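This report refers to the structure that appears directly beneath it.
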Amino acid sequence: MNDNVAIKLSHLHKTFKLPHEKQNTLKGMVINFGKRGYETQHVLKGLNVDVKKGEFLGILGRNGSGKSTLLKVLSGIYTPDEGSVEINGKLTPFIELGVGFNPELSGRDNVFLNGALLGFSRPEVSKIYDEIVAFAELERFMDQKLKNYSSGMQVRLAFSIAIQADTDILVLDEVLAVGDEAFQRKCYDYFNELKQKGKTVVLVTHDMSAVQRFCTRAIVLSKGKVIYDGDTESATDVYRGLNFESTDNASRKSSRRRQLSGKNIETTSKIVDFKITDPEGNEKALFKPGEPFVIESSVLFKENIPNPSILFTFNNPGGTIISALDTHLAGRKMKSAKAGQTATIKWKLDGMYNDGKYLVSVTVRDALTQDVSSRIDDGCEFNVIGWDMPNVLVHPKIQYSLDVVD
Amino acid sequence: MDRILSKKNRVLLTELVRTDFKLRYQGSVLGYTWSLLKPLLLFVILYIVFVYFLKIGKDVPHYPVYLLLGIVLWNFFNEITSQSLSSIVGRGDLIRKIRIPRWIIVFSSSISALINLCLNLIVVGIFMVINQVPLSPSILLLPFNIVEIYLFALGLSLFLSAAYVKFRDVSYVWEVVLQAGFYATPIIYPLSMITSDFVQKLLLLSPIAQAVQDARYNVVTHQAVTSSSIFESFLYVALPMIIVVAILLGGIAYFRKESKYFAENI
């Protein structure tokens with residue numbers, strides 16, 4: 001292997017056998033003998049990744065894309081079915097902080113135990129013990145049992161020991177996900193230190209800002225394959241795209257489900273179509289800031305309705321109505337509808353709504369008697385992502401002037 | 001061997017054994033004293049039942065010490081196997097999160113048991129003095145008998161602990177096997193009580209029985225029936241040792257094969 005390469009993964013495959021109902025007993029084995037009581041899950045599908053020495057590699061991917069499995073395979077915890085893992089140097093994995101911590105032991109004993117798991121002998125731990133305790137800010141608590149520590153204290157202690165690890169390659173799994181702001185800052189300082197020392201780091205995280213700040217390269221995993229390998233900027237874009245796609249799909253699915261639910265009203269008319277599209281007419285459920293969209297619905301009248309009106313409302317999941325359109329009030333009134341007629345209404349909106357999920361309802365009714373002819377509640381769903389500006393509801397086009405007078 | 005006993009592994013082993021001991025008598029008032037008290041109390045019970053009421057072992061000199069030594073050695077075997085059995089599953093948190101040699105976990109359980117045995121042997125020594133057992137130079141051979149039991153138990157432990165990851169039945173099965181083994185081994189009764197020559201010989205083919213009887217011969221009384229005194233052919237004396245080696249090698253092989261998948265099977 002090339003001397004510049006720290007980790008070389010070739011054609012890595014990993015499959016798990018997931019029993020339908022785990023056969024942990026001999027009786028279960030006998031009863032279900034010969035039956036295929038498990039399904040195989042192909043988690044890693046032929047990964048090829050080289051990590052150069054001194055590289056800070058970020059691994060991105062949605063839940064279930066195989067990130068953690070990959071980390072465990074390259075840490076030697078899982079054995080791959082196929083392919084090879086070559087490690088050049090000493091590798092220390094931190095899949096979790098404080099592995100092996102025992103709640104019944106004192107903080108002091110746990111430091112020595114955890115140190116031993118990192119390969120430190122007692123005298124070696126004794127030498128750095130004060131430093132560890134000081135860094136964790138736990139001087140007064142070291143003789144207490146670990147079970148009396150708060151979770152924050154435990155994490156601090158674990159982290160203080162972990163950063164003492166003298167190693168060439170570090171494998172970190174979402175360590176940033178725990179701890180408060182002060183702890184995160186400590187994590188960042190540590191990352192910077194690692195970078196300066198030229199250590200090789202493999203980091204799994206969902207924190208895009210951390211990826212862009214620290215990683216020199218990132219890969220994106222999806223369904224057990226590397227779908228992107230390169231600079232962090234593009235990698236985070238690819239990763240965001242994955243999330244977009246899934247939100248889009250999920251929203252469409254739940255819209256369809258609600259449209260078919262039995263709670264909808266259908267008497268003298270029927271709502272035959274109800275969807276949200278972009279201005280070109282492509283069905284969509286996820287919009288970027290400022291992107292205009294169209295709420296569209298078609299109604300088939302089954303009986304004559306003298307003063308028909310179609311009402312759209314959309315609200316946020318909290319129930320607050322953001323906006324509404326009533327054809328009867330909006331000016332373009334429909335003349336009486338006859339049985340067999342179909343009316344299609346398209347409501348075009350500017351993309352001024354803030355980030356979040358919105359639910360659209362449609363009602364057909366008689367404008368005078370208010371009798372509801374048909375209705376679908378929350379039958380369409382759309383999402384806006386990307387404003388990154390909480391606490392406002394809408395983003396209207398702003399024009400302003402400012403005069404300063406002394 | 002260099003790699004097996006690397007500094008990292010030694011450090012880890014020491015720390016695991018230390019933790020084991022710290023946690024063992026956690027929260028008890030007498031603490032480590034229980035390591036001594038437990039065999040002592042058990043001995044008192046067995047002594048009252050077998051020597052006082054059932055009047056067994058009158059023909060064996062120093063029968064109380066003879067009895068105690070047997071119990072202590074059996075408990076050693078019992079402790080190694082039953083503690084190792086659940087050790088891999090019990091340490092699942094380590095196995096799933098970090099990379100340590102899996103055998104260290106089983107090995108550390110067995111070392112804890114070994115330390116416990118040493119404490120128990122002190123109790124045996126005390127009773128030897130009280131009972132005025134004459135010291136014979138053959139006592140120097142005792143470590144060999146312990147090694148025989150230890151290796152046998154270790155081989156079984158490797159096998160059991162790996163199998164337990166997949167089949168939790170193993171613990172129940174093993175409990176019964178241990179119970180049967182306790183009565184199939186001449187521990188609470190002297191071997192001379194068995195009238196059938198064939199059964200006597202059969203029992204002595206067990207490595208544990210062989211080691212216990214040898215230990216009694218070496219430490220307590222030369223009247224103890226041993227396999228070398230009962231079998232003419234050396235083959236039968238060697239057979240239990242061959243069993244030990246076979247079990248150990250088999251255990252290592254099985255453990256090595258299975259240990260690759262511990263992390264995902266636990």
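Naming scheme: A, B, ... for chains in displayed order of the structure tokens; residues 1 onward per chain; ligands 1 onward as shown.
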Could I get the residues of chain A with an atom no further than 8 Å from an atom of chain B, each paired with its nearest atom pair and that distance in Å to one decimal, using only C-alpha atoms, sorted by chain and residue number, as CSV?
```
residue,atom,partner,partner_atom,distance
A:Phe16,CA,B:Glu264,CA,7.9
A:Gln23,CA,B:Phe167,CA,7.9
A:Asn24,CA,B:Phe167,CA,4.9
A:Thr25,CA,B:Phe167,CA,5.5
A:Leu26,CA,B:Asp169,CA,6.6
A:Lys72,CA,B:Lys97,CA,7.9
A:Ser75,CA,B:Arg99,CA,6.7
A:Gly76,CA,B:Arg99,CA,6.1
A:Ile77,CA,B:Arg99,CA,5.6
A:Tyr78,CA,B:Ala263,CA,6.3
A:Thr79,CA,B:Lys260,CA,5.9
A:Pro93,CA,B:Ile98,CA,6.5
A:Phe94,CA,B:Ile98,CA,7.5
A:Ile95,CA,B:Lys97,CA,5.7
A:Glu96,CA,B:Lys97,CA,6.8
A:Val99,CA,B:Leu94,CA,6.3
A:Gly100,CA,B:Leu94,CA,5.9
A:Glu104,CA,B:Leu23,CA,7.3
A:Leu105,CA,B:Leu23,CA,7.7
A:Phe112,CA,B:Glu15,CA,7.6
A:Leu113,CA,B:Glu15,CA,5.9
A:Ala116,CA,B:Leu12,CA,5.1
A:Leu117,CA,B:Leu12,CA,6.1
A:Gly119,CA,B:Lys8,CA,4.8
A:Phe120,CA,B:Val11,CA,7.0
A:Ser121,CA,B:Val11,CA,5.4
A:Arg122,CA,B:Val11,CA,7.7
```
_Contacts of Ala343 of chain A within 12 Å, only C-alpha atoms, excl. fewer than 5 positions in-chain, as number ranges by chain_ = A: 269-274, 296-302, 308-310, 327, 334-338, 364
Keeping N, CA and C atoms for every residue in the selection just given, could you write it to a file as a PDB file, in the first residue's frame?
```pdb
ATOM      1  N   SER A 269     -71.166  17.355  -5.245  1.00  0.00           N
ATOM      2  CA  SER A 269     -70.073  17.489  -6.207  1.00  0.00           C
ATOM      3  C   SER A 269     -68.921  16.607  -5.740  1.00  0.00           C
ATOM      4  N   LYS A 270     -67.939  16.475  -6.640  1.00  0.00           N
ATOM      5  CA  LYS A 270     -66.813  15.620  -6.295  1.00  0.00           C
ATOM      6  C   LYS A 270     -65.523  16.320  -6.694  1.00  0.00           C
ATOM      7  N   ILE A 271     -64.561  16.317  -5.784  1.00  0.00           N
ATOM      8  CA  ILE A 271     -63.260  16.907  -6.116  1.00  0.00           C
ATOM      9  C   ILE A 271     -62.444  15.812  -6.794  1.00  0.00           C
ATOM     10  N   VAL A 272     -62.229  15.982  -8.095  1.00  0.00           N
ATOM     11  CA  VAL A 272     -61.593  14.915  -8.851  1.00  0.00           C
ATOM     12  C   VAL A 272     -60.076  15.092  -8.917  1.00  0.00           C
ATOM     13  N   ASP A 273     -59.614  16.304  -8.696  1.00  0.00           N
ATOM     14  CA  ASP A 273     -58.174  16.519  -8.768  1.00  0.00           C
ATOM     15  C   ASP A 273     -57.786  17.594  -7.763  1.00  0.00           C
ATOM     16  N   PHE A 274     -56.682  17.388  -7.097  1.00  0.00           N
ATOM     17  CA  PHE A 274     -56.247  18.359  -6.098  1.00  0.00           C
ATOM     18  C   PHE A 274     -54.746  18.205  -5.970  1.00  0.00           C
ATOM     19  N   GLU A 296     -53.947  23.674  -7.380  1.00  0.00           N
ATOM     20  CA  GLU A 296     -54.890  23.394  -8.461  1.00  0.00           C
ATOM     21  C   GLU A 296     -55.898  22.340  -8.017  1.00  0.00           C
ATOM     22  N   SER A 297     -57.167  22.585  -8.430  1.00  0.00           N
ATOM     23  CA  SER A 297     -58.180  21.593  -8.100  1.00  0.00           C
ATOM     24  C   SER A 297     -59.271  21.576  -9.173  1.00  0.00           C
ATOM     25  N   SER A 298     -59.796  20.383  -9.431  1.00  0.00           N
ATOM     26  CA  SER A 298     -60.910  20.252 -10.383  1.00  0.00           C
ATOM     27  C   SER A 298     -62.114  19.680  -9.652  1.00  0.00           C
ATOM     28  N   VAL A 299     -63.271  20.231  -9.961  1.00  0.00           N
ATOM     29  CA  VAL A 299     -64.496  19.807  -9.297  1.00  0.00           C
ATOM     30  C   VAL A 299     -65.504  19.340 -10.347  1.00  0.00           C
ATOM     31  N   LEU A 300     -66.079  18.179 -10.100  1.00  0.00           N
ATOM     32  CA  LEU A 300     -67.123  17.664 -10.983  1.00  0.00           C
ATOM     33  C   LEU A 300     -68.455  17.838 -10.255  1.00  0.00           C
ATOM     34  N   PHE A 301     -69.356  18.612 -10.869  1.00  0.00           N
ATOM     35  CA  PHE A 301     -70.653  18.838 -10.224  1.00  0.00           C
ATOM     36  C   PHE A 301     -71.592  17.699 -10.555  1.00  0.00           C
ATOM     37  N   LYS A 302     -72.182  17.130  -9.524  1.00  0.00           N
ATOM     38  CA  LYS A 302     -73.099  16.017  -9.743  1.00  0.00           C
ATOM     39  C   LYS A 302     -74.546  16.495  -9.796  1.00  0.00           C
ATOM     40  N   PRO A 308     -72.260  28.484  -6.802  1.00  0.00           N
ATOM     41  CA  PRO A 308     -71.126  27.700  -6.326  1.00  0.00           C
ATOM     42  C   PRO A 308     -69.919  28.579  -6.019  1.00  0.00           C
ATOM     43  N   SER A 309     -69.177  28.182  -4.996  1.00  0.00           N
ATOM     44  CA  SER A 309     -67.901  28.861  -4.747  1.00  0.00           C
ATOM     45  C   SER A 309     -66.894  27.818  -4.302  1.00  0.00           C
ATOM     46  N   ILE A 310     -65.662  28.040  -4.724  1.00  0.00           N
ATOM     47  CA  ILE A 310     -64.592  27.122  -4.315  1.00  0.00           C
ATOM     48  C   ILE A 310     -63.680  27.872  -3.369  1.00  0.00           C
ATOM     49  N   THR A 327     -63.521  31.917  -4.259  1.00  0.00           N
ATOM     50  CA  THR A 327     -63.831  32.406  -5.607  1.00  0.00           C
ATOM     51  C   THR A 327     -65.026  33.363  -5.601  1.00  0.00           C
ATOM     52  N   MET A 334     -68.484  32.373 -10.155  1.00  0.00           N
ATOM     53  CA  MET A 334     -68.955  31.362 -11.087  1.00  0.00           C
ATOM     54  C   MET A 334     -70.457  31.479 -11.170  1.00  0.00           C
ATOM     55  N   LYS A 335     -70.984  31.395 -12.406  1.00  0.00           N
ATOM     56  CA  LYS A 335     -72.442  31.353 -12.500  1.00  0.00           C
ATOM     57  C   LYS A 335     -72.882  29.971 -12.056  1.00  0.00           C
ATOM     58  N   SER A 336     -74.141  29.763 -11.936  1.00  0.00           N
ATOM     59  CA  SER A 336     -74.657  28.500 -11.414  1.00  0.00           C
ATOM     60  C   SER A 336     -74.048  27.318 -12.164  1.00  0.00           C
ATOM     61  N   ALA A 337     -73.757  26.282 -11.387  1.00  0.00           N
ATOM     62  CA  ALA A 337     -73.133  25.108 -11.977  1.00  0.00           C
ATOM     63  C   ALA A 337     -74.183  24.068 -12.278  1.00  0.00           C
ATOM     64  N   LYS A 338     -74.010  23.397 -13.419  1.00  0.00           N
ATOM     65  CA  LYS A 338     -74.978  22.375 -13.804  1.00  0.00           C
ATOM     66  C   LYS A 338     -74.355  21.016 -13.610  1.00  0.00           C
ATOM     67  N   VAL A 364     -65.963  23.027  -1.629  1.00  0.00           N
ATOM     68  CA  VAL A 364     -66.917  23.515  -2.622  1.00  0.00           C
ATOM     69  C   VAL A 364     -68.231  23.717  -1.879  1.00  0.00           C
TER      70      VAL A 364
END
```
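The two atoms in question, atom CA of Gln212 of chain A and atom CA of Lys195 of chain A, are spaced 13.6 Å apart.
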*Assign secondary structure with DSSP using the backbone only, and return the residues of segment 166-398 of chain A in strand (DSSP E) as a VMD selection string.*
chain A and resid 169 to 173 200 to 204 217 to 222 225 to 230 265 to 266 269 to 277 286 to 287 290 to 301 308 to 315 321 to 326 342 to 351 356 to 366 372 to 384
Emit the selected residues as a compact mmCIF listing (two decimals), in the first residue's frame, including C-alpha atoms.
```txt
# COMPACT_ATOMS: atom_id res chain seq x y z
CA ILE A 169 -6.21 7.67 12.65
CA LEU A 170 -9.38 8.71 14.46
CA VAL A 171 -12.83 7.50 13.59
CA LEU A 172 -15.59 9.65 15.08
CA ASP A 173 -19.29 8.88 14.92
CA THR A 200 -6.11 11.42 9.77
CA VAL A 201 -9.74 11.78 10.82
CA VAL A 202 -12.90 10.13 9.58
CA LEU A 203 -15.98 11.94 10.83
CA VAL A 204 -19.61 10.97 10.52
CA ARG A 217 -12.97 16.04 1.66
CA ALA A 218 -16.35 14.39 2.03
CA ILE A 219 -18.17 11.41 0.67
CA VAL A 220 -21.92 10.95 0.49
CA LEU A 221 -23.40 7.52 1.02
CA SER A 222 -26.78 6.48 -0.22
CA LYS A 225 -22.95 3.16 -2.19
CA VAL A 226 -20.72 6.17 -2.50
CA ILE A 227 -22.68 8.61 -4.64
CA TYR A 228 -20.30 11.50 -4.25
CA ASP A 229 -16.65 11.82 -3.36
CA GLY A 230 -14.92 15.16 -3.45
CA ILE A 265 -67.16 15.24 2.29
CA GLU A 266 -68.65 14.37 -1.10
CA SER A 269 -70.07 17.49 -6.21
CA LYS A 270 -66.81 15.62 -6.29
CA ILE A 271 -63.26 16.91 -6.12
CA VAL A 272 -61.59 14.91 -8.85
CA ASP A 273 -58.17 16.52 -8.77
CA PHE A 274 -56.25 18.36 -6.10
CA LYS A 275 -52.54 19.05 -6.38
CA ILE A 276 -49.70 21.47 -6.01
CA THR A 277 -47.44 22.15 -8.96
CA LEU A 286 -40.96 21.01 -1.95
CA PHE A 287 -40.08 24.56 -2.86
CA GLY A 290 -39.04 32.56 -3.66
CA GLU A 291 -40.12 29.72 -5.94
CA PRO A 292 -43.71 30.38 -7.12
CA PHE A 293 -46.23 27.55 -6.97
CA VAL A 294 -49.76 26.71 -8.02
CA ILE A 295 -52.57 25.13 -6.05
CA GLU A 296 -54.89 23.39 -8.46
CA SER A 297 -58.18 21.59 -8.10
CA SER A 298 -60.91 20.25 -10.38
CA VAL A 299 -64.50 19.81 -9.30
CA LEU A 300 -67.12 17.66 -10.98
CA PHE A 301 -70.65 18.84 -10.22
CA PRO A 308 -71.13 27.70 -6.33
CA SER A 309 -67.90 28.86 -4.75
CA ILE A 310 -64.59 27.12 -4.31
CA LEU A 311 -62.57 27.89 -1.23
CA PHE A 312 -58.88 27.15 -0.74
CA THR A 313 -57.16 27.61 2.57
CA PHE A 314 -53.72 26.70 3.65
CA ASN A 315 -52.46 26.57 7.16
CA ILE A 321 -54.49 29.87 8.45
CA ILE A 322 -51.80 31.54 6.39
CA SER A 323 -53.89 32.47 3.41
CA ALA A 324 -57.22 31.75 1.72
CA LEU A 325 -58.97 32.17 -1.60
CA ASP A 326 -62.75 32.22 -1.98
CA THR A 342 -66.26 20.33 -14.37
CA ALA A 343 -64.57 23.43 -13.02
CA THR A 344 -60.78 23.71 -12.67
CA ILE A 345 -59.25 26.42 -10.55
CA LYS A 346 -55.57 27.32 -10.36
CA TRP A 347 -54.30 29.61 -7.65
CA LYS A 348 -50.87 30.96 -8.34
CA LEU A 349 -48.85 32.11 -5.38
CA ASP A 350 -45.49 33.81 -4.93
CA GLY A 351 -42.91 31.94 -2.96
CA GLY A 356 -42.01 24.80 7.03
CA LYS A 357 -44.79 22.49 6.13
CA TYR A 358 -48.14 23.77 4.86
CA LEU A 359 -51.43 21.94 4.50
CA VAL A 360 -53.99 22.93 1.91
CA SER A 361 -57.74 22.31 2.11
CA VAL A 362 -60.36 22.73 -0.56
CA THR A 363 -64.11 23.25 -0.07
CA VAL A 364 -66.92 23.51 -2.62
CA ARG A 365 -70.05 25.14 -1.28
CA ASP A 366 -73.05 27.25 -2.03
CA VAL A 372 -70.90 22.29 1.84
CA SER A 373 -71.03 20.28 -1.35
CA SER A 374 -67.61 18.65 -1.11
CA ARG A 375 -64.46 19.10 0.89
CA ILE A 376 -60.99 17.66 1.35
CA ASP A 377 -59.24 18.72 4.52
CA ASP A 378 -55.47 19.06 4.46
CA GLY A 379 -55.48 17.15 1.21
CA CYS A 380 -52.28 18.64 -0.14
CA GLU A 381 -49.03 19.30 1.58
CA PHE A 382 -46.06 21.37 0.55
CA ASN A 383 -42.80 22.34 2.14
CA VAL A 384 -40.50 25.29 1.93
```
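Closest to Ile122 of chain B among B:Leu191, B:Met241, B:Leu36, B:Leu68 is B:Leu36, based on only C-alpha atoms.
The space between atom CA of Phe159 of chain B and atom CA of Asn102 of chain A spans 26.7 Å.
Atom CA of Asn2 of chain A to atom CA of Glu86 of chain A spans 10.8 Å [interatomic distance, one decimal].
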*Please report, as a PyMOL selection string, each residue of segment 181-330 of chain A to which DSSP assigns helix (DSSP H, G or I) when run on this structure's backbone.*
chain A and resi 181-197+208-214+232-260
Create the file for the chosen residues now, containing C-alpha atoms and written as a PDB file, in the first residue's frame.
```pdb
ATOM      1  CA  GLU A 181     -22.652  24.637  23.313  1.00  0.00           C
ATOM      2  CA  ALA A 182     -19.560  24.835  25.506  1.00  0.00           C
ATOM      3  CA  PHE A 183     -18.911  21.162  24.855  1.00  0.00           C
ATOM      4  CA  GLN A 184     -19.318  21.602  21.131  1.00  0.00           C
ATOM      5  CA  ARG A 185     -16.804  24.404  21.211  1.00  0.00           C
ATOM      6  CA  LYS A 186     -14.374  22.067  22.954  1.00  0.00           C
ATOM      7  CA  CYS A 187     -15.016  19.504  20.245  1.00  0.00           C
ATOM      8  CA  TYR A 188     -14.251  22.077  17.562  1.00  0.00           C
ATOM      9  CA  ASP A 189     -11.046  23.099  19.297  1.00  0.00           C
ATOM     10  CA  TYR A 190     -10.056  19.468  19.398  1.00  0.00           C
ATOM     11  CA  PHE A 191     -10.769  19.062  15.697  1.00  0.00           C
ATOM     12  CA  ASN A 192      -8.609  22.053  14.929  1.00  0.00           C
ATOM     13  CA  GLU A 193      -5.842  20.586  17.037  1.00  0.00           C
ATOM     14  CA  LEU A 194      -6.109  17.279  15.187  1.00  0.00           C
ATOM     15  CA  LYS A 195      -5.896  19.105  11.893  1.00  0.00           C
ATOM     16  CA  GLN A 196      -2.821  21.022  12.958  1.00  0.00           C
ATOM     17  CA  LYS A 197      -1.131  17.847  14.090  1.00  0.00           C
ATOM     18  CA  MET A 208     -23.067  20.483   7.679  1.00  0.00           C
ATOM     19  CA  SER A 209     -21.330  23.493   9.170  1.00  0.00           C
ATOM     20  CA  ALA A 210     -18.828  21.212  10.897  1.00  0.00           C
ATOM     21  CA  VAL A 211     -18.208  19.392   7.632  1.00  0.00           C
ATOM     22  CA  GLN A 212     -17.503  22.611   5.789  1.00  0.00           C
ATOM     23  CA  ARG A 213     -15.333  23.951   8.577  1.00  0.00           C
ATOM     24  CA  PHE A 214     -13.116  20.976   9.199  1.00  0.00           C
ATOM     25  CA  THR A 232     -17.162  19.429   0.970  1.00  0.00           C
ATOM     26  CA  GLU A 233     -19.148  22.198  -0.702  1.00  0.00           C
ATOM     27  CA  SER A 234     -20.572  19.923  -3.378  1.00  0.00           C
ATOM     28  CA  ALA A 235     -20.921  17.043  -0.931  1.00  0.00           C
ATOM     29  CA  THR A 236     -23.209  19.029   1.338  1.00  0.00           C
ATOM     30  CA  ASP A 237     -25.249  20.046  -1.704  1.00  0.00           C
ATOM     31  CA  VAL A 238     -25.625  16.421  -2.742  1.00  0.00           C
ATOM     32  CA  TYR A 239     -26.581  15.497   0.803  1.00  0.00           C
ATOM     33  CA  ARG A 240     -29.176  18.282   0.998  1.00  0.00           C
ATOM     34  CA  GLY A 241     -30.538  17.088  -2.321  1.00  0.00           C
ATOM     35  CA  LEU A 242     -31.082  13.633  -0.808  1.00  0.00           C
ATOM     36  CA  ASN A 243     -33.024  15.148   2.038  1.00  0.00           C
ATOM     37  CA  PHE A 244     -35.078  17.265  -0.364  1.00  0.00           C
ATOM     38  CA  GLU A 245     -35.968  14.254  -2.411  1.00  0.00           C
ATOM     39  CA  SER A 246     -37.130  12.306   0.589  1.00  0.00           C
ATOM     40  CA  THR A 247     -39.193  15.190   1.975  1.00  0.00           C
ATOM     41  CA  ASP A 248     -40.782  15.608  -1.438  1.00  0.00           C
ATOM     42  CA  ASN A 249     -41.689  11.917  -1.635  1.00  0.00           C
ATOM     43  CA  ALA A 250     -42.950  11.775   1.924  1.00  0.00           C
ATOM     44  CA  SER A 251     -45.158  14.820   1.423  1.00  0.00           C
ATOM     45  CA  ARG A 252     -46.711  13.438  -1.718  1.00  0.00           C
ATOM     46  CA  LYS A 253     -47.413  10.159  -0.035  1.00  0.00           C
ATOM     47  CA  SER A 254     -49.161  11.747   2.913  1.00  0.00           C
ATOM     48  CA  SER A 255     -51.144  14.020   0.584  1.00  0.00           C
ATOM     49  CA  ARG A 256     -52.411  11.040  -1.350  1.00  0.00           C
ATOM     50  CA  ARG A 257     -53.331   9.272   1.873  1.00  0.00           C
ATOM     51  CA  ARG A 258     -55.332  12.220   3.157  1.00  0.00           C
ATOM     52  CA  GLN A 259     -57.154  12.666  -0.125  1.00  0.00           C
ATOM     53  CA  LEU A 260     -58.339   9.087   0.093  1.00  0.00           C
TER      54      LEU A 260
END
```
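When the distance limit is 10 Å and only C-alpha atoms are what count, the residues near Lys201 of chain B, minus those fewer than 2 positions from it on the same chain, are Leu191, Ile194, Ser196, Asp197, Phe198, Val199, Leu203, Leu204, Leu205, Ser206, Thr226, Ser227, Ile230, Phe231 and Tyr236 of chain B.
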*Do a neighbour search on Leu249 of chain B at 12 Å with only C-alpha atoms, toss out local chain neighbours closer than 6 positions, and write the hits as a count of residues only.*
12
*Excluding same-chain residues fewer than 5 positions from segment 52-57 of chain B, what lies within 10 Å of it counting only C-alpha atoms, as a PyMOL selection string?*
chain B and resi 46-47+62-64+66-67+188-193
